[in-house]
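Participant: First the structure, then my questions, so here it is.
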Protein chains: 2
Amino acid sequence: MSTRENRDNQLSSVRNALRILKSFSMEEPEKRVSDLSEALELNKSTVSRTLSTLASEGFVFKNPETNRYQLGMAIVSLSGIVNNNTDIYKESLPVLNELVRTSGETAHISVLDNYEVIYLQKVECNHPVRFLTHVGKRNPLYCTSAGKVLLAYAPEKVLETVIERGLKKYTEQTITDPEEIRDHLAKIKENGYAYSFEELSEGVNSIATPIYDYTGKVVSALSVVGPKQRIDNRKLKGITQQTINASKEISSRLGYWK
Amino acid sequence: MSTRENRDNQLSSVRNALRILKSFSMEEPEKRVSDLSEALELNKSTVSRTLSTLASEGFVFKNPETNRYQLGMAIVSLSGIVNNNTDIYKESLPVLNELVRTSGETAHISVLDNYEVIYLQKVECNHPVRFLTHVGKRNPLYCTSAGKVLLAYAPEKVLETVIERGLKKYTEQTITDPEEIRDHLAKIKENGYAYSFEELSEGVNSIATPIYDYTGKVVSALSVVGPKQRIDNRKLKGITQQTINASKEISSRLGYWK
DNA sequence: TCCCGTTGTTGCTTTAAACGCAACAAATAA
DNA sequence: TTATTTGTTGCGTTTAAAGCAACAACGGGA
């Protein structure tokens, strides 16, 4: 999990800028000054000047056709640096490709960040069902298979915080009882893999396993996601085993011996 | 090219924060407060407080082992949004894969940003020669094949600026004469493809072709890069044709009809 | 292991810079 | 076209960022 301390003693104009950047989303990739001004409760002029600064450094880009702002290429430059310095990123791609080939489903690598699961890498299968997830997407920890794996191996304190923040019921299957989650995570640690059967989205199942680094710490999760029609009882065992094998392969590439 | 105007009328603390983010690189992915303070000529306390703010929003991450700062996951989240809203990104992957399979060399998609070429996407070949480029990497426009393609089809003003900024001689083959570059780019536009024979790095050749969007504008370049031993006279014509075909395929997927 | 040099953070004061207001310009809608 | 909403900029006020310095916390070396 990342450091989110020191809420005080911070630079408010920088915070404004970062909040502006974060307010862009897959659904709303283009924003206007007024939108941001209203949403973030900042003065129009503050937003305008902040965007101007962000634009001058390439973090946002003013679309000359729509006159709206969108995220800029500086973001891409920086993400390339993050990726290349995340060992998991480098080592996992060939293994992911192979897993997608054998399982026939989309696979992801994800890590825990700020009490959420964030997808670092994705290899899509050929089936036309798409865009459930994307690189950079964040999801809750307690109702995705990858999130549950990460949560199961994370310090107890993380689970406490997740529970404190509330367990929202996304579907009929979402576990919202703190005690039930605790038992569930204990079992995941026992088994070495996690399932999510429609716990976040109706009709979507997934399987996840932990990835260890050379220190023996769980640093990320490998997950296979697909519609429940394809990830069904008949195929479950096979895909689970393939996922376990793949995560063992990635772990060993990261220097984990066991 | 992106907007880099309004050097005045900007928020200096935001600029500091963005400069700090940009100072991370592939070679130096971890930075200390003092490093940044010295490099950017900012007071230690300013850097410390800025980093603290960046950390609280997840843009940097304080490595608890080394006590150094590195780029954070918020960057990855945002880059996912940029990618998914760049049409080229979505449409090019399968074509790139096929091109890498047939040509046997690494292929990239790149765009022009701030008078540089930036690589948006990369599919690596199986050969063990690696890490010449990476997603997010920036290179000069005038001595890479992708850069020259983008430059050839960009407004004249861009070339003017590039020349004004100076044409650094990276190798014996780098073109540093403004008149020569003009003629060279004119020929590229005539041919519809560009070569770079060791113009940026000794021993590295590349081939690039333009990608058009539905408005008929060149929005990006497709390039194939490899060591000169493999991209030699014998193979050049074949790979050039494959690259042309692939870029036509991507262009048509973007709605370009011709 | 201990020590010393270097580094990171924080309180406080000064000063500079960010904010809000308002007016103008520009774009969009009617 | 006009009317209305939206984006930018100048200016004065006020807040907040920068700099200094002290302290704490590492880290390297003996």
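Following the order of the structure tokens, chains are lettered A, B, ..., residues in each are numbered from 1, and ligands are numbered from 1.
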Pick out the chain D residues within 12 Å of chain A. Count only C-alpha atoms (C1' of nucleotides). Give them as number ranges by chain.

Facilitator: D: 5-10, 15-18

Participant: Output N, CA and C atoms (P, O5', C5', C4', C3', O3' and C1' of nucleotides) for every residue in the selection just made, as a short mmCIF file (atom, residue, chain, number, x, y, z; two decimals), in the first residue's frame.

Facilitator:
```cif
data_model
loop_
_atom_site.label_atom_id
_atom_site.label_comp_id
_atom_site.auth_asym_id
_atom_site.auth_seq_id
_atom_site.Cartn_x
_atom_site.Cartn_y
_atom_site.Cartn_z
P DT D 5 -26.97 31.20 -18.99
"O5'" DT D 5 -25.80 30.13 -19.09
"C5'" DT D 5 -25.77 29.23 -20.20
"C4'" DT D 5 -24.35 29.06 -20.68
"C3'" DT D 5 -23.33 28.79 -19.57
"O3'" DT D 5 -22.68 27.56 -19.84
"C1'" DT D 5 -22.52 30.38 -21.10
P DT D 6 -21.62 26.96 -18.86
"O5'" DT D 6 -20.24 27.43 -19.52
"C5'" DT D 6 -19.93 27.03 -20.85
"C4'" DT D 6 -18.58 27.61 -21.24
"C3'" DT D 6 -17.47 27.40 -20.20
"O3'" DT D 6 -16.36 26.83 -20.83
"C1'" DT D 6 -17.57 29.66 -20.84
P DG D 7 -15.10 26.43 -20.01
"O5'" DG D 7 -14.04 27.54 -20.42
"C5'" DG D 7 -13.57 27.60 -21.76
"C4'" DG D 7 -12.53 28.69 -21.90
"C3'" DG D 7 -11.37 28.58 -20.92
"O3'" DG D 7 -10.16 28.82 -21.63
"C1'" DG D 7 -12.43 30.69 -20.67
P DT D 8 -8.77 28.78 -20.91
"O5'" DT D 8 -8.43 30.32 -20.75
"C5'" DT D 8 -8.46 31.14 -21.91
"C4'" DT D 8 -8.19 32.59 -21.54
"C3'" DT D 8 -6.95 32.83 -20.69
"O3'" DT D 8 -6.17 33.83 -21.34
"C1'" DT D 8 -8.82 33.92 -19.73
P DT D 9 -4.71 34.12 -20.89
"O5'" DT D 9 -4.89 35.52 -20.15
"C5'" DT D 9 -5.52 36.59 -20.83
"C4'" DT D 9 -5.73 37.77 -19.89
"C3'" DT D 9 -4.56 38.06 -18.95
"O3'" DT D 9 -4.33 39.46 -18.94
"C1'" DT D 9 -6.53 37.87 -17.72
P DG D 10 -2.89 40.01 -18.55
"O5'" DG D 10 -3.30 41.24 -17.61
"C5'" DG D 10 -4.32 42.14 -18.03
"C4'" DG D 10 -4.85 42.95 -16.86
"C3'" DG D 10 -3.81 43.39 -15.84
"O3'" DG D 10 -4.10 44.73 -15.43
"C1'" DG D 10 -5.48 42.10 -14.76
P DT D 15 -6.61 35.38 4.68
"O5'" DT D 15 -6.48 33.87 4.15
"C5'" DT D 15 -6.76 33.58 2.78
"C4'" DT D 15 -5.53 32.99 2.10
"C3'" DT D 15 -4.83 31.87 2.90
"O3'" DT D 15 -4.65 30.77 2.05
"C1'" DT D 15 -3.26 33.45 2.14
P DA D 16 -4.48 29.32 2.67
"O5'" DA D 16 -3.35 28.71 1.73
"C5'" DA D 16 -3.08 29.32 0.46
"C4'" DA D 16 -1.58 29.38 0.22
"C3'" DA D 16 -0.80 28.23 0.82
"O3'" DA D 16 0.32 27.98 0.00
"C1'" DA D 16 0.07 30.20 1.64
P DA D 17 0.49 26.51 -0.57
"O5'" DA D 17 1.91 26.61 -1.28
"C5'" DA D 17 2.11 27.55 -2.32
"C4'" DA D 17 3.46 28.20 -2.20
"C3'" DA D 17 4.63 27.24 -1.96
"O3'" DA D 17 5.71 27.62 -2.79
"C1'" DA D 17 4.62 28.90 -0.29
P DA D 18 6.99 26.73 -2.93
"O5'" DA D 18 8.12 27.68 -2.33
"C5'" DA D 18 8.23 29.01 -2.82
"C4'" DA D 18 9.30 29.76 -2.05
"C3'" DA D 18 10.58 28.98 -1.81
"O3'" DA D 18 11.69 29.84 -2.00
"C1'" DA D 18 9.65 29.62 0.27
#
```

Participant: Using only C-alpha atoms (C1' of nucleotides) and a cut-off of 10 Å, which residues of chain C sit close to chain A? Please list them as a list in words.

Facilitator: DT10, DA18, DC19, DG20, DC21 and DA27 of chain C

Participant: To one decimal place in Å, what is the distance between atom CA of B:Thr106 and atom CA of B:Glu124?

Facilitator: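 Between atom CA of B:Thr106 and atom CA of B:Glu124 the gap works out to 4.5 Å.
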
Participant: Could you list, as a list of chain:residue names, every residue of chain B that has an atom within 6 Å of an atom of chain A, counting only C-alpha atoms?

Facilitator: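 The contacting residues on chain B are B:Arg4, B:Gln10, B:Val14, B:Met26, B:Thr53, B:Ser56, B:Ile75, B:Val76, B:Ser77, B:Ser79, B:Gly80, B:Ile81, B:Val135, B:Gly136.
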
Participant: Which one is closest to A:Tyr195: A:Val117, A:Val158, A:Ile181, A:Val224? Count only C-alpha atoms.

Facilitator: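 Going through A:Val117, A:Val158, A:Ile181, A:Val224 one by one, the smallest distance to A:Tyr195 is for A:Val224.
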
Participant: Rounded to one decimal in Å, what is the spacing between atom CA of A:Arg165 and atom CA of A:Arg182?

Facilitator: 15.3 Å

Participant: Going by DSSP on the backbone, which bits of stretch 2-236 of chain B are strand (DSSP E)? Write them as JSON, numbers by chain, please.

Facilitator: {"B": [60, 61, 62, 69, 70, 71, 106, 107, 108, 109, 110, 111, 112, 113, 116, 117, 118, 119, 120, 121, 122, 123, 138, 139, 140, 194, 195, 196, 197, 204, 205, 206, 207, 208, 209, 210, 211, 212, 218, 219, 220, 221, 222, 223, 224, 225, 226, 227]}

Participant: Take the residues just selected and output them with N, CA and C atoms as a short mmCIF file (atom, residue, chain, number, x, y, z; two decimals), in the first residue's frame.

Facilitator:
```cif
data_model
loop_
_atom_site.label_atom_id
_atom_site.label_comp_id
_atom_site.auth_asym_id
_atom_site.auth_seq_id
_atom_site.Cartn_x
_atom_site.Cartn_y
_atom_site.Cartn_z
N VAL B 60 3.78 9.97 -6.32
CA VAL B 60 5.07 9.38 -6.00
C VAL B 60 4.88 8.47 -4.80
N PHE B 61 5.90 7.70 -4.53
CA PHE B 61 5.83 6.67 -3.52
C PHE B 61 7.17 6.65 -2.83
N LYS B 62 7.14 6.69 -1.52
CA LYS B 62 8.40 6.69 -0.79
C LYS B 62 8.77 5.25 -0.49
N TYR B 69 12.33 8.36 -3.18
CA TYR B 69 11.03 8.49 -3.83
C TYR B 69 11.06 7.91 -5.24
N GLN B 70 9.96 7.31 -5.64
CA GLN B 70 9.81 6.86 -7.02
C GLN B 70 8.40 7.21 -7.49
N LEU B 71 8.18 7.11 -8.77
CA LEU B 71 6.87 7.45 -9.30
C LEU B 71 5.83 6.46 -8.81
N THR B 106 11.26 -5.63 -33.85
CA THR B 106 10.42 -4.87 -32.92
C THR B 106 9.72 -3.71 -33.65
N ALA B 107 8.46 -3.52 -33.32
CA ALA B 107 7.69 -2.45 -33.96
C ALA B 107 7.12 -1.49 -32.92
N HIS B 108 6.97 -0.22 -33.33
CA HIS B 108 6.45 0.81 -32.43
C HIS B 108 5.38 1.65 -33.11
N ILE B 109 4.53 2.22 -32.26
CA ILE B 109 3.65 3.31 -32.68
C ILE B 109 4.11 4.55 -31.93
N SER B 110 4.25 5.65 -32.64
CA SER B 110 4.70 6.85 -31.96
C SER B 110 3.95 8.08 -32.45
N VAL B 111 3.96 9.11 -31.63
CA VAL B 111 3.34 10.37 -32.00
C VAL B 111 4.30 11.52 -31.74
N LEU B 112 3.94 12.67 -32.29
CA LEU B 112 4.74 13.87 -32.10
C LEU B 112 4.25 14.59 -30.86
N ASP B 113 5.14 14.92 -29.98
CA ASP B 113 4.76 15.67 -28.79
C ASP B 113 5.90 16.58 -28.37
N GLU B 116 9.26 16.39 -30.09
CA GLU B 116 9.97 15.12 -29.98
C GLU B 116 9.04 14.01 -30.46
N VAL B 117 9.62 12.85 -30.71
CA VAL B 117 8.80 11.69 -30.99
C VAL B 117 8.69 10.89 -29.70
N ILE B 118 7.48 10.46 -29.37
CA ILE B 118 7.27 9.67 -28.16
C ILE B 118 6.61 8.36 -28.54
N TYR B 119 7.16 7.28 -28.01
CA TYR B 119 6.67 5.94 -28.36
C TYR B 119 5.47 5.57 -27.48
N LEU B 120 4.35 5.33 -28.15
CA LEU B 120 3.10 5.04 -27.45
C LEU B 120 2.96 3.56 -27.18
N GLN B 121 3.44 2.79 -28.11
CA GLN B 121 3.22 1.35 -27.99
C GLN B 121 4.41 0.61 -28.60
N LYS B 122 4.71 -0.54 -28.07
CA LYS B 122 5.84 -1.32 -28.56
C LYS B 122 5.49 -2.79 -28.50
N VAL B 123 5.81 -3.50 -29.56
CA VAL B 123 5.73 -4.96 -29.51
C VAL B 123 7.11 -5.48 -29.85
N ARG B 138 11.26 9.25 -25.32
CA ARG B 138 11.27 10.37 -26.25
C ARG B 138 12.58 10.38 -27.03
N ASN B 139 12.50 10.69 -28.30
CA ASN B 139 13.69 10.78 -29.14
C ASN B 139 13.58 12.01 -30.04
N PRO B 140 14.71 12.45 -30.60
CA PRO B 140 14.66 13.59 -31.51
C PRO B 140 13.86 13.26 -32.77
N ALA B 194 10.13 6.34 -44.43
CA ALA B 194 11.42 6.93 -44.05
C ALA B 194 12.35 5.86 -43.52
N TYR B 195 13.63 6.06 -43.76
CA TYR B 195 14.65 5.18 -43.19
C TYR B 195 15.51 5.98 -42.22
N SER B 196 16.03 5.30 -41.22
CA SER B 196 17.14 5.86 -40.46
C SER B 196 18.21 4.79 -40.39
N PHE B 197 19.32 5.08 -41.03
CA PHE B 197 20.46 4.16 -40.99
C PHE B 197 21.50 4.70 -40.03
N VAL B 204 22.08 0.78 -35.37
CA VAL B 204 20.63 0.63 -35.32
C VAL B 204 19.96 1.26 -36.54
N ASN B 205 19.23 0.46 -37.26
CA ASN B 205 18.47 0.95 -38.41
C ASN B 205 16.97 0.90 -38.12
N SER B 206 16.23 1.71 -38.87
CA SER B 206 14.78 1.63 -38.70
C SER B 206 14.05 2.13 -39.94
N ILE B 207 12.81 1.70 -40.03
CA ILE B 207 11.92 2.02 -41.15
C ILE B 207 10.62 2.54 -40.55
N ALA B 208 10.09 3.63 -41.10
CA ALA B 208 8.83 4.15 -40.55
C ALA B 208 7.89 4.60 -41.66
N THR B 209 6.60 4.50 -41.37
CA THR B 209 5.56 4.92 -42.31
C THR B 209 4.49 5.71 -41.57
N PRO B 210 3.78 6.59 -42.29
CA PRO B 210 2.77 7.41 -41.63
C PRO B 210 1.45 6.66 -41.42
N ILE B 211 0.75 7.04 -40.35
CA ILE B 211 -0.59 6.53 -40.09
C ILE B 211 -1.56 7.70 -40.15
N TYR B 212 -2.61 7.56 -40.95
CA TYR B 212 -3.59 8.62 -41.15
C TYR B 212 -4.86 8.34 -40.34
N VAL B 218 -1.93 12.95 -40.77
CA VAL B 218 -0.98 11.99 -40.21
C VAL B 218 -0.94 12.18 -38.70
N VAL B 219 -1.40 11.18 -37.97
CA VAL B 219 -1.48 11.32 -36.53
C VAL B 219 -0.40 10.57 -35.79
N SER B 220 0.20 9.60 -36.46
CA SER B 220 1.26 8.85 -35.79
C SER B 220 2.11 8.13 -36.82
N ALA B 221 3.15 7.49 -36.33
CA ALA B 221 4.05 6.76 -37.22
C ALA B 221 4.18 5.33 -36.74
N LEU B 222 4.34 4.46 -37.69
CA LEU B 222 4.62 3.05 -37.40
C LEU B 222 6.08 2.83 -37.74
N SER B 223 6.83 2.22 -36.85
CA SER B 223 8.24 2.00 -37.17
C SER B 223 8.72 0.62 -36.76
N VAL B 224 9.67 0.13 -37.52
CA VAL B 224 10.30 -1.16 -37.25
C VAL B 224 11.78 -0.88 -37.01
N VAL B 225 12.29 -1.37 -35.89
CA VAL B 225 13.66 -1.05 -35.50
C VAL B 225 14.45 -2.33 -35.27
N GLY B 226 15.71 -2.31 -35.65
CA GLY B 226 16.56 -3.46 -35.39
C GLY B 226 18.01 -3.17 -35.68
N PRO B 227 18.89 -4.08 -35.30
CA PRO B 227 20.30 -3.91 -35.57
C PRO B 227 20.58 -3.96 -37.07
#
```

Participant: Out of A:Thr171, A:Ser251, A:Asn245, A:Ser145, which residue has the shortest atom-to-atom distance to A:Glu98 when counting only C-alpha atoms?

Facilitator: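 Between A:Thr171, A:Ser251, A:Asn245, A:Ser145, the residue approaching A:Glu98 most closely is A:Asn245.
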
Participant: Pick out the residues sitting within 9 Å of B:Gly255, and hand them over as number ranges by chain; count only C-alpha atoms (C1' of nucleotides), and ignore anything fewer than 5 positions along from it in its own chain.

Facilitator: B: 212-216, 250

Participant: Just to be explicit: take each residue in the selection above, keep N, CA and C atoms, and write the result as a PDB file, in the first residue's frame.

Facilitator:
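Output below, filename part.pdb:
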```
ATOM      1  N   TYR B 212      -2.611   7.558 -40.948  1.00  0.00           N
ATOM      2  CA  TYR B 212      -3.590   8.623 -41.148  1.00  0.00           C
ATOM      3  C   TYR B 212      -4.856   8.337 -40.339  1.00  0.00           C
ATOM      4  N   ASP B 213      -5.499   9.397 -39.849  1.00  0.00           N
ATOM      5  CA  ASP B 213      -6.808   9.195 -39.221  1.00  0.00           C
ATOM      6  C   ASP B 213      -7.912   9.503 -40.244  1.00  0.00           C
ATOM      7  N   TYR B 214      -9.147   9.507 -39.803  1.00  0.00           N
ATOM      8  CA  TYR B 214     -10.280   9.647 -40.714  1.00  0.00           C
ATOM      9  C   TYR B 214     -10.346  11.010 -41.401  1.00  0.00           C
ATOM     10  N   THR B 215      -9.630  11.982 -40.845  1.00  0.00           N
ATOM     11  CA  THR B 215      -9.627  13.306 -41.478  1.00  0.00           C
ATOM     12  C   THR B 215      -8.532  13.426 -42.537  1.00  0.00           C
ATOM     13  N   GLY B 216      -7.731  12.379 -42.663  1.00  0.00           N
ATOM     14  CA  GLY B 216      -6.648  12.417 -43.634  1.00  0.00           C
ATOM     15  C   GLY B 216      -5.370  13.014 -43.101  1.00  0.00           C
ATOM     16  N   ILE B 250      -3.762  -0.037 -40.311  1.00  0.00           N
ATOM     17  CA  ILE B 250      -4.116   0.745 -39.121  1.00  0.00           C
ATOM     18  C   ILE B 250      -4.884   2.001 -39.535  1.00  0.00           C
TER      19      ILE B 250
END
```

Participant: Taking the chain letters and numbering used in this document, name the residues of stretch 6-234 of chain A that DSSP puts in alpha helix (DSSP H), as a PyMOL selection string.

Facilitator: chain A and resi 12-22+33-40+44-56+73-84+87-103+145-153+156-164+178-191+233-234

Participant: Work out how far atom CA of B:Glu156 is from atom CA of B:His184, in Å to one decimal.

Facilitator: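 One can read the atom CA of B:His184 to atom CA of B:Glu156 distance as 13.9 Å.
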
Participant: Could you list, as a list in words, every residue within 12 Å of D:DG27, counting only C-alpha atoms (C1' of nucleotides) and ignoring same-chain residues fewer than 6 positions away?

Facilitator: Thr66 and Asn67 of chain B; DC3, DC4, DG5, DT6 and DT7 of chain C

Participant: Hey, can you spit out that residue selection with C-alpha atoms (C1' of nucleotides) as an mmCIF file, in the first residue's frame?

Facilitator:
```cif
data_model
loop_
_atom_site.group_PDB
_atom_site.id
_atom_site.type_symbol
_atom_site.label_atom_id
_atom_site.label_comp_id
_atom_site.auth_asym_id
_atom_site.auth_seq_id
_atom_site.Cartn_x
_atom_site.Cartn_y
_atom_site.Cartn_z
ATOM 1 C CA THR B 66 15.692 2.941 0.446
ATOM 2 C CA ASN B 67 13.877 6.016 1.792
ATOM 3 C "C1'" DC C 3 30.462 8.129 15.801
ATOM 4 C "C1'" DC C 4 30.131 11.694 12.467
ATOM 5 C "C1'" DG C 5 28.491 13.509 8.251
ATOM 6 C "C1'" DT C 6 24.655 13.811 5.487
ATOM 7 C "C1'" DT C 7 19.821 13.873 4.697
#
```

Participant: Measuring between only C-alpha atoms, which one of A:Asn126, A:Asn191, A:Thr161, A:Thr86 shows the shortest distance to A:Ile244?

Facilitator: A:Asn191

Participant: So that I can check the surroundings of B:Ile175, please list as an MDAnalysis selection string every protein, DNA and RNA residue that reaches within 9 Å of it, counting only C-alpha atoms (C1' of nucleotides) and ignoring chain neighbours fewer than 4 positions away.

Facilitator: chainID B and resid 142:143 167:169 171 180:181 199

Participant: Any chance you could export the current selection's C-alpha atoms as an mmCIF file, in the first residue's frame?

Facilitator:
```
data_model
loop_
_atom_site.group_PDB
_atom_site.id
_atom_site.type_symbol
_atom_site.label_atom_id
_atom_site.label_comp_id
_atom_site.auth_asym_id
_atom_site.auth_seq_id
_atom_site.Cartn_x
_atom_site.Cartn_y
_atom_site.Cartn_z
ATOM 1 C CA TYR B 142 15.200 14.638 -37.113
ATOM 2 C CA CYS B 143 17.278 11.497 -36.695
ATOM 3 C CA LEU B 167 20.530 19.591 -34.852
ATOM 4 C CA LYS B 168 22.861 17.629 -32.629
ATOM 5 C CA LYS B 169 25.151 15.144 -34.331
ATOM 6 C CA THR B 171 26.486 9.703 -35.117
ATOM 7 C CA GLU B 180 19.695 18.656 -46.271
ATOM 8 C CA ILE B 181 16.925 17.867 -43.778
ATOM 9 C CA GLU B 199 21.326 8.298 -37.524
#
```

Participant: Give the answer as one residue: which of C:DA30, C:DC12, C:DC2, C:DA22 has the shortest atom-to-atom distance to D:DA21, using only C-alpha atoms (C1' of nucleotides)?

Facilitator: C:DC12
